[in-house]
Every structure is written in C-alpha cells, then in structure tokens.
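Q: Below are the structure tokens for one structure; questions will follow.
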Amino acid sequence: MRSVGTLTRADLAETINRKMGFSRAESLDMVEAILSKMCDAMADGENVKISGFGSFILRDKTERVGRNPKTGVEVPITPRRVMTFRASQLLKEQIAKGG
C-alpha cells in the first residue's frame with residue numbers, strides 16, 4: 001500500500017476508506033478537499049494549524065544582500081514569502097518515541 005519513505009494522497013485516502021468506510025472515490029475527494037482548503041488558506045496569507053500535529057507558518061522575507069559562494073560577488077535576494085512547518089509538542093514526543 002505505502003511507497004517506501006513517502007506518505008501519499010492515495011495512502012491517506014486508503015486509510016480513510018478502511019477506517020471510516022467511505023468509498024475509495026469519496027475518500028480521495030475528502031483528502032483533496034482538505035488539502036485544497038489548506039492551500040487556499042495559505043495562498044490568502046493565513047497560517048494553518050492542525051491541533052496535535054503542527055502548524056504551517058508563513059513568513060514574508062524582505063529584500064537582502066546575499067553572496068555567490070563561488071565568486072563572492074554580492075547579489076540582491078528578492079523579497080518573498082516562505083512557509084515553515086512547526087511540529088506540535090505531541091508530534092515531537094511521538095517521533096522521539098519512534099512511533
């Protein structure tokens with residue numbers, strides 16, 4: 001069922017199908033709807049928090065000067081929005097225990 005080292009949308013849908021009893025199509029639609037809602041919220045500049053799992057946090061970085069590591073030449077780095085993930089304490093504890 002699961003790809004080595006990667007959890008996929010299909011894996012999530014399969015779990016919903018087995019545990020909740022929804023059809024495969026309904027399960028995949030549910031996964032897609034959740035991911036779409038998360039993407040839309042972040043595109044609108046909102047952070048996304050999933051209790052007990054973690055938070056997807058957006059940060060706006062200002063323009064700054066960087067340096068080409070090969071040549072040492074200074075180059076302007078344009079302003080941009082970045083996303084970071086901060087795991088919840090519960091997730092951190094579960095990972096530390098190994099599952």
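Every chain in the structure tokens has a letter given in the order shown (A, B, ...), and although residue numbers restart at 1 in each chain, ligands are simply numbered from 1 in the order shown.
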Mind the document's chain letters and residue numbers, and return as a PyMOL selection string the residues of chain A that DSSP labels alpha helix (DSSP H).
A: chain A and resi 9-20+24-43+89-97
Q: What lies within 9 Å of segment 75-77 of chain A using only C-alpha atoms, ignoring chain neighbours under 4 positions off, as a PyMOL selection string?
A: chain A and resi 62-68
Q: For those residues, write N, CA and C atoms to a file as a PDB file, in the first residue's frame.
A:
ATOM      1  N   THR A  62      12.118  40.080   3.687  1.00  0.00           N
ATOM      2  CA  THR A  62      12.418  41.318   2.971  1.00  0.00           C
ATOM      3  C   THR A  62      13.606  41.106   2.032  1.00  0.00           C
ATOM      4  N   GLU A  63      13.808  42.078   1.148  1.00  0.00           N
ATOM      5  CA  GLU A  63      14.953  42.011   0.249  1.00  0.00           C
ATOM      6  C   GLU A  63      16.223  42.110   1.080  1.00  0.00           C
ATOM      7  N   ARG A  64      17.234  41.352   0.668  1.00  0.00           N
ATOM      8  CA  ARG A  64      18.510  41.402   1.383  1.00  0.00           C
ATOM      9  C   ARG A  64      19.637  41.121   0.407  1.00  0.00           C
ATOM     10  N   VAL A  65      20.840  41.312   0.868  1.00  0.00           N
ATOM     11  CA  VAL A  65      22.003  41.089   0.023  1.00  0.00           C
ATOM     12  C   VAL A  65      22.577  39.719   0.369  1.00  0.00           C
ATOM     13  N   GLY A  66      22.763  38.895  -0.656  1.00  0.00           N
ATOM     14  CA  GLY A  66      23.396  37.601  -0.485  1.00  0.00           C
ATOM     15  C   GLY A  66      24.728  37.595  -1.193  1.00  0.00           C
ATOM     16  N   ARG A  67      25.421  36.475  -1.104  1.00  0.00           N
ATOM     17  CA  ARG A  67      26.736  36.383  -1.729  1.00  0.00           C
ATOM     18  C   ARG A  67      26.844  35.073  -2.488  1.00  0.00           C
ATOM     19  N   ASN A  68      27.305  35.145  -3.730  1.00  0.00           N
ATOM     20  CA  ASN A  68      27.546  33.945  -4.508  1.00  0.00           C
ATOM     21  C   ASN A  68      28.721  33.204  -3.854  1.00  0.00           C
TER      22      ASN A  68
END
Q: Do you know which residues are at most 12 Å from Arg24 of chain A counting only C-alpha atoms, after dropping those on the same chain fewer than 2 positions away, and could you put them as a CSV table (one decimal) with N, CA and C atoms, in the first residue's frame?
A:
chain,number,residue,atom,x,y,z
A,9,ARG,N,-1.1,10.9,-1.1
A,9,ARG,CA,-2.6,11.2,-1.1
A,9,ARG,C,-3.4,9.9,-1.1
A,10,ALA,N,-2.9,9.0,-2.0
A,10,ALA,CA,-3.6,7.7,-2.1
A,10,ALA,C,-3.5,6.9,-0.8
A,11,ASP,N,-2.4,7.0,-0.1
A,11,ASP,CA,-2.3,6.3,1.2
A,11,ASP,C,-3.3,6.9,2.2
A,12,LEU,N,-3.4,8.2,2.2
A,12,LEU,CA,-4.3,8.9,3.1
A,12,LEU,C,-5.8,8.4,2.8
A,13,ALA,N,-6.1,8.4,1.5
A,13,ALA,CA,-7.4,8.0,1.1
A,13,ALA,C,-7.7,6.6,1.4
A,14,GLU,N,-6.7,5.7,1.3
A,14,GLU,CA,-6.9,4.3,1.6
A,14,GLU,C,-7.2,4.1,3.1
A,15,THR,N,-6.5,4.9,3.9
A,15,THR,CA,-6.7,4.8,5.4
A,15,THR,C,-8.1,5.3,5.7
A,16,ILE,N,-8.6,6.4,5.1
A,16,ILE,CA,-10.0,6.8,5.3
A,16,ILE,C,-11.0,5.8,4.9
A,17,ASN,N,-10.7,5.2,3.7
A,17,ASN,CA,-11.5,4.1,3.2
A,17,ASN,C,-11.7,3.0,4.2
A,18,ARG,N,-10.5,2.5,4.7
A,18,ARG,CA,-10.6,1.3,5.6
A,18,ARG,C,-11.1,1.7,7.0
A,19,LYS,N,-10.8,2.8,7.5
A,19,LYS,CA,-11.2,3.1,8.9
A,19,LYS,C,-12.6,3.7,9.0
A,20,MET,N,-13.0,4.5,8.0
A,20,MET,CA,-14.2,5.2,8.1
A,20,MET,C,-15.3,4.6,7.2
A,21,GLY,N,-14.9,3.7,6.3
A,21,GLY,CA,-15.9,3.0,5.4
A,21,GLY,C,-16.4,3.8,4.2
A,22,PHE,N,-15.8,5.0,3.9
A,22,PHE,CA,-16.2,5.7,2.7
A,22,PHE,C,-15.7,5.0,1.5
A,26,GLU,N,-14.9,8.7,-2.6
A,26,GLU,CA,-15.2,9.6,-1.5
A,26,GLU,C,-14.0,9.9,-0.7
A,27,SER,N,-13.3,8.9,-0.4
A,27,SER,CA,-12.1,9.1,0.5
A,27,SER,C,-11.0,10.0,-0.2
A,28,LEU,N,-10.8,9.8,-1.5
A,28,LEU,CA,-9.9,10.6,-2.2
A,28,LEU,C,-10.4,12.0,-2.4
A,29,ASP,N,-11.7,12.2,-2.6
A,29,ASP,CA,-12.3,13.5,-2.6
A,29,ASP,C,-12.1,14.3,-1.3
A,30,MET,N,-12.2,13.5,-0.2
A,30,MET,CA,-12.1,14.1,1.1
A,30,MET,C,-10.6,14.6,1.3
A,31,VAL,N,-9.7,13.8,0.9
A,31,VAL,CA,-8.3,14.2,1.0
A,31,VAL,C,-8.0,15.4,0.2
Q: If you run DSSP on the backbone, which residues of chain A are strand (DSSP E or B), as a ChimeraX atom specification?
A: /A:3,6,48-50,54-61,64-67,74-77,80-87
Q: Got time to write the residues from that selection, C-alpha atoms, as a PDB file, in the first residue's frame?
A:
ATOM      1  CA  SER A   3       5.524   3.821  -1.002  1.00  0.00           C
ATOM      2  CA  THR A   6       6.672   8.617   1.397  1.00  0.00           C
ATOM      3  CA  VAL A  48      -2.716  26.629   9.074  1.00  0.00           C
ATOM      4  CA  LYS A  49      -2.750  24.885  12.454  1.00  0.00           C
ATOM      5  CA  ILE A  50      -3.720  21.233  12.889  1.00  0.00           C
ATOM      6  CA  GLY A  54       1.619  21.120  13.876  1.00  0.00           C
ATOM      7  CA  SER A  55       1.421  24.494  12.180  1.00  0.00           C
ATOM      8  CA  PHE A  56       2.264  25.659   8.687  1.00  0.00           C
ATOM      9  CA  ILE A  57       3.531  29.203   9.213  1.00  0.00           C
ATOM     10  CA  LEU A  58       4.007  31.854   6.522  1.00  0.00           C
ATOM     11  CA  ARG A  59       6.743  34.482   6.764  1.00  0.00           C
ATOM     12  CA  ASP A  60       7.446  37.408   4.499  1.00  0.00           C
ATOM     13  CA  LYS A  61      11.171  37.894   3.975  1.00  0.00           C
ATOM     14  CA  ARG A  64      18.510  41.402   1.383  1.00  0.00           C
ATOM     15  CA  VAL A  65      22.003  41.089   0.023  1.00  0.00           C
ATOM     16  CA  GLY A  66      23.396  37.601  -0.485  1.00  0.00           C
ATOM     17  CA  ARG A  67      26.736  36.383  -1.729  1.00  0.00           C
ATOM     18  CA  GLU A  74      27.148  40.253  -3.745  1.00  0.00           C
ATOM     19  CA  VAL A  75      23.702  39.653  -5.249  1.00  0.00           C
ATOM     20  CA  PRO A  76      20.344  41.067  -4.190  1.00  0.00           C
ATOM     21  CA  ILE A  77      17.869  38.423  -2.964  1.00  0.00           C
ATOM     22  CA  ARG A  80       9.498  36.528  -0.928  1.00  0.00           C
ATOM     23  CA  ARG A  81       7.046  34.578   1.183  1.00  0.00           C
ATOM     24  CA  VAL A  82       8.245  31.319   2.712  1.00  0.00           C
ATOM     25  CA  MET A  83       6.404  28.567   4.528  1.00  0.00           C
ATOM     26  CA  THR A  84       7.769  26.682   7.506  1.00  0.00           C
ATOM     27  CA  PHE A  85       6.349  23.771   9.466  1.00  0.00           C
ATOM     28  CA  ARG A  86       6.467  23.714  13.234  1.00  0.00           C
ATOM     29  CA  ALA A  87       5.588  20.336  14.760  1.00  0.00           C
TER      30      ALA A  87
END
Q: For a test of reading the model, state the distance in Å between atom CA of Lys92 of chain A and atom CA of Ser51 of chain A, rounded to one decimal.
A: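 Spanning atom CA of Lys92 of chain A to atom CA of Ser51 of chain A is a straight-line distance of 12.8 Å.
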Q: I'd like to know which of A:Gly72, A:Gly5, A:Gly52, A:Gly45 is closest to Ser88 of chain A, using only C-alpha atoms.
A: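 Among the listed residues, A:Gly52 lies closest to Ser88 of chain A.
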Q: Could you check how far atom CA of Met38 of chain A sits from atom CA of Thr8 of chain A, in Å to one decimal?
A: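 Those two atoms sit 16.1 Å apart.
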